[in-house]
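One file, work-v2.txt, is given below (compact mmCIF, C-alpha atoms).
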```
# COMPACT_ATOMS: atom_id res chain seq x y z
CA MET A 503 176.28 15.32 -118.08
CA THR A 504 179.02 12.94 -116.99
CA SER A 505 181.18 10.17 -118.37
CA ASP A 506 181.14 8.41 -114.98
CA LEU A 507 177.56 8.16 -113.70
CA GLU A 508 178.45 6.05 -110.66
CA ARG A 509 180.98 8.62 -109.43
CA ARG A 510 178.64 11.53 -110.11
CA ILE A 511 175.76 9.95 -108.20
CA HIS A 512 178.10 9.29 -105.28
CA GLU A 513 179.11 12.97 -105.28
CA HIS A 514 175.47 14.05 -105.22
CA ARG A 515 174.51 11.63 -102.44
CA GLU A 516 177.45 12.65 -100.26
CA GLY A 517 177.09 16.38 -100.94
CA LEU A 518 180.64 16.58 -102.30
CA THR A 519 179.94 19.13 -105.03
CA PRO A 520 178.08 22.37 -104.46
CA GLY A 521 175.47 23.22 -107.05
CA PHE A 522 171.83 22.61 -107.88
CA ALA A 523 171.71 19.04 -106.53
CA TRP A 524 173.42 20.02 -103.28
CA LYS A 525 171.30 23.14 -102.80
CA TYR A 526 168.00 21.29 -103.28
CA GLY A 527 168.94 17.93 -101.74
CA CYS A 528 168.68 15.90 -104.96
CA THR A 529 169.91 12.40 -104.14
CA ARG A 530 167.78 10.02 -106.24
CA LEU A 531 168.48 9.10 -109.85
CA VAL A 532 165.02 9.13 -111.44
CA TRP A 533 165.97 9.55 -115.11
CA TYR A 534 169.01 9.23 -117.35
CA GLU A 535 169.94 8.82 -121.00
CA GLU A 536 172.97 7.18 -122.55
CA HIS A 537 174.77 8.80 -125.45
CA TRP A 538 177.57 7.19 -127.41
CA ASP A 539 179.27 10.43 -128.39
CA ILE A 540 179.94 13.67 -126.56
CA GLY A 541 178.39 15.81 -129.28
CA SER A 542 174.95 14.27 -129.00
CA ALA A 543 175.12 14.40 -125.19
CA ILE A 544 175.95 18.11 -125.21
CA GLN A 545 173.21 18.83 -127.74
CA ARG A 546 170.64 16.94 -125.67
CA GLU A 547 171.68 18.71 -122.47
CA LYS A 548 171.30 22.11 -124.14
CA SER A 549 167.90 21.10 -125.44
CA LEU A 550 166.68 19.89 -122.03
CA LYS A 551 167.82 23.11 -120.36
CA ARG A 552 165.37 24.99 -122.61
CA TRP A 553 162.45 22.73 -121.63
CA ASN A 554 159.87 23.93 -119.16
CA ARG A 555 159.32 22.13 -115.86
CA GLN A 556 156.23 20.20 -117.00
CA TRP A 557 158.01 18.76 -120.04
CA LYS A 558 160.80 17.52 -117.77
CA LEU A 559 158.30 16.00 -115.34
CA ASP A 560 156.57 14.25 -118.26
CA LEU A 561 159.93 12.87 -119.41
CA VAL A 562 160.60 11.35 -115.98
CA GLU A 563 157.04 10.01 -115.73
CA ALA A 564 157.39 8.27 -119.11
CA MET A 565 160.54 6.40 -118.06
CA ASN A 566 159.93 6.03 -114.34
CA PRO A 567 156.31 6.62 -113.28
CA GLY A 568 157.02 5.56 -109.69
CA TRP A 569 159.96 7.96 -109.38
CA ASP A 570 162.04 5.03 -108.10
CA ASP A 571 165.76 5.50 -107.47
CA LEU A 572 167.32 3.97 -110.59
CA TYR A 573 170.85 3.97 -109.21
CA LEU A 574 170.81 0.31 -108.16
CA THR A 575 169.38 -0.78 -111.53
CA LEU A 576 172.46 0.46 -113.40
CA TRP A 577 174.85 -2.33 -112.36
```
What would you get if you wrote out this structure as structure tokens?
Amino acid sequence: MTSDLERRIHEHREGLTPGFAWKYGCTRLVWYEEHWDIGSAIQREKSLKRWNRQWKLDLVEAMNPGWDDLYLTLW
């Protein structure tokens, strides 16, 4: 979760922050959701963390079946 998606993607691509994305080389934005308030964003994040892998894959497939990098489509 972030309030500045552009900055966060840059950090992931440049390996500036250690964590899951850095450890596994995650550099493409293949899925995202916008939330207008912090409460709903936190609730959604907690919910997604309880999902199994297949549910998460299905979520990405529904929005982005080609697994394209969506970063350049944001602006």
As a PDB file with C-alpha atoms, keeping the file's coordinate frame, please: the residues near region 555-568 of chain A (cut-off 10 Å, all atoms listed in the file, same-chain neighbours under 6 positions excluded).
```pdb
ATOM      1  CA  VAL A 532     165.020   9.130-111.440  1.00  0.00           C
ATOM      2  CA  TRP A 533     165.970   9.550-115.110  1.00  0.00           C
ATOM      3  CA  TYR A 534     169.010   9.230-117.350  1.00  0.00           C
TER       4      TYR A 534
END
```
Emit as JSON the padded axis-aligned box for all listed atoms of region 537-556 of chain A, 8 Å per side, with centre and edge lengths in Å to one decimal.
```
{"center_x": 168.1, "center_y": 16.1, "center_z": -122.6, "size_x": 39.7, "size_y": 33.8, "size_z": 29.4}
```
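CA of Tyr573 (chain A) to CA of Lys551 (chain A) spans 22.4 Å [interatomic distance, one decimal].
With only the atoms specified (only C-alpha atoms) counting, those residues at most 9 Å away from (172.1, 1.7, -114.0) are Leu507, Glu508, Tyr534, Leu572, Tyr573, Leu574, Thr575, Leu576 and Trp577 of chain A.
Separating CA of Arg546 (chain A) from CA of Met503 (chain A) is a distance of 9.6 Å.
Take CA of Trp569 (chain A) and CA of Gly541 (chain A): the distance between them is 28.2 Å.
For the choices A:Asp571, A:Arg552, A:Ser505, A:Glu516, the atom-to-atom distance to His537 (chain A) is smallest for A:Ser505 when using only C-alpha atoms.
Proximity of A:Arg515, A:Asn554, A:Lys548, A:Ser542 to Cys528 (chain A), computed with only C-alpha atoms, is greatest for A:Arg515.
With distances taken over all atoms listed in the file, A:Glu536 is the one residue among A:Leu550, A:Gly527, A:Glu536, A:Gln545 lying closest to Thr504 (chain A).
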Need the neighbours of (170.4, 9.3, -108.2): which residues are at most 6 Å away, counting all atoms listed in the file, as a compact mmCIF listing (two decimals) with C-alpha atoms, in the frame of the given file?
```txt
# COMPACT_ATOMS: atom_id res chain seq x y z
CA ILE A 511 175.76 9.95 -108.20
CA THR A 529 169.91 12.40 -104.14
CA ARG A 530 167.78 10.02 -106.24
CA LEU A 531 168.48 9.10 -109.85
CA TYR A 573 170.85 3.97 -109.21
```
